[in-house]
Amino acid sequence: MSEVSGEGTKASPWTLKTPSGGSDYAMYRDPQAEPPALVCQVGTTQLRYHLRCIEDLHAMLKAHGDWMALGSADEQKAATEGTVEAWGRSETNPVGGWYGHRKGYRGRFGMYVPPVLAALGLAEVEEKPRNNRMRAL
């Protein structure tokens, strides 16, 4: 994964790139939020995911044991089955549905969360123009 700066706090967010390398964005942990959140700032848009998504996604990838396609999609579009994005919306995941908090801004889990796991040394994420995958380390 590309170089990452920041500490993952609101005062010093991680500065990340999407797996395709097309966009920069910032992420930080907000454990004081209700519920605790992983906050993603993309330009003027803010997305929030359950903070536990980091540990939950890592555990799922370890159990999966192989590469998994990211499959990023907006909330209004269906996620491709068998992808990280589909898992992030599935009723069978540990939160029983969407990891995203705000209706209308719950998608793109497969784009913005995987680089965080890579920055933390929990996963490897491919960096190609499209059809990227990830796996647990």
# chains A, B, ... in the order shown; residues from 1 in each chain; ligands from 1

$ closest_atom_pairs --of "range 53-76 of chain A" --to "range 15-28 of chain A" --cutoff "12 Å" --atoms "only C-alpha atoms" --output "Markdown table"
| residue | atom | partner | partner_atom | distance |
| --- | --- | --- | --- | --- |
| A:Ile54 | CA | A:Tyr28 | CA | 11.6 |
| A:Ala69 | CA | A:Pro19 | CA | 11.5 |
| A:Leu70 | CA | A:Pro19 | CA | 9.2 |
| A:Gly71 | CA | A:Pro19 | CA | 11.1 |
| A:Ser72 | CA | A:Pro19 | CA | 10.3 |

$ write_last_selection --atoms "C-alpha atoms" --output "tab-separated table (two decimals), in the first residue's frame"
chain	number	residue	atom	x	y	z
A	54	ILE	CA	-11.83	-2.51	11.15
A	69	ALA	CA	-12.69	-8.40	-4.55
A	70	LEU	CA	-13.47	-4.95	-3.13
A	71	GLY	CA	-16.53	-4.27	-5.29
A	72	SER	CA	-17.14	-0.66	-4.24

$ residues_around --residues "range 6-13 of chain A" --least-positions-apart "2" --cutoff "12 Å" --atoms "only C-alpha atoms" --output "list in words"
Glu3, Val4, Thr15, Leu16, Tyr25, Ala26, Met27, Tyr28, Arg29, Asp30, Pro31, Gln32, Ala33, Ala37, Leu38, Val39, Cys40, Gln41, Leu51, Val116, Leu117, Ala119 and Leu120 of chain A

$ select_by_dssp --residues "range 69-133 of chain A" --states "strand (DSSP E or B)" --output "number ranges by chain"
A: 69, 100, 123-125, 133

$ write_last_selection --atoms "N, CA and C atoms" --output "PDB file, in the first residue's frame"
ATOM      1  N   ALA A  69     -12.460  -9.622  -3.765  1.00  0.00           N
ATOM      2  CA  ALA A  69     -12.685  -8.398  -4.551  1.00  0.00           C
ATOM      3  C   ALA A  69     -13.305  -7.327  -3.662  1.00  0.00           C
ATOM      4  N   GLY A 100     -22.221   1.457   7.247  1.00  0.00           N
ATOM      5  CA  GLY A 100     -22.360   2.901   7.115  1.00  0.00           C
ATOM      6  C   GLY A 100     -23.491   3.404   7.986  1.00  0.00           C
ATOM      7  N   ALA A 123      -3.949  -5.866   6.444  1.00  0.00           N
ATOM      8  CA  ALA A 123      -4.348  -6.418   5.148  1.00  0.00           C
ATOM      9  C   ALA A 123      -3.456  -5.884   4.042  1.00  0.00           C
ATOM     10  N   GLU A 124      -3.479  -6.603   2.948  1.00  0.00           N
ATOM     11  CA  GLU A 124      -2.828  -6.167   1.713  1.00  0.00           C
ATOM     12  C   GLU A 124      -3.937  -5.792   0.742  1.00  0.00           C
ATOM     13  N   VAL A 125      -3.799  -4.630   0.099  1.00  0.00           N
ATOM     14  CA  VAL A 125      -4.801  -4.158  -0.842  1.00  0.00           C
ATOM     15  C   VAL A 125      -4.106  -3.880  -2.171  1.00  0.00           C
ATOM     16  N   ARG A 133      -8.451  -6.096  -5.168  1.00  0.00           N
ATOM     17  CA  ARG A 133      -8.767  -7.117  -4.170  1.00  0.00           C
ATOM     18  C   ARG A 133      -7.968  -6.837  -2.912  1.00  0.00           C
TER      19      ARG A 133
END

$ closest_residue --among "A:Met68, A:Ala136, A:Leu47, A:Ala118" --to "Val84 in chain A" --atoms "only C-alpha atoms"
A:Met68

$ closest_residue --among "A:Leu122, A:Pro129, A:Gly82, A:Gly110" --to "Lys62 in chain A" --atoms "only C-alpha atoms"
A:Leu122

$ atom_distance --atom1 "CA of His101 in chain A" --atom2 "CA of Gly121 in chain A"
25.1 Å

$ atom_distance --atom1 "CA of Pro36 in chain A" --atom2 "CA of Trp67 in chain A"
28.2 Å

$ closest_residue --among "A:Thr80, A:Asn131, A:Ser90, A:Thr45" --to "Tyr105 in chain A" --atoms "only C-alpha atoms"
A:Thr45

$ atom_distance --atom1 "CA of Gln46 in chain A" --atom2 "CA of Ala59 in chain A"
25.8 Å
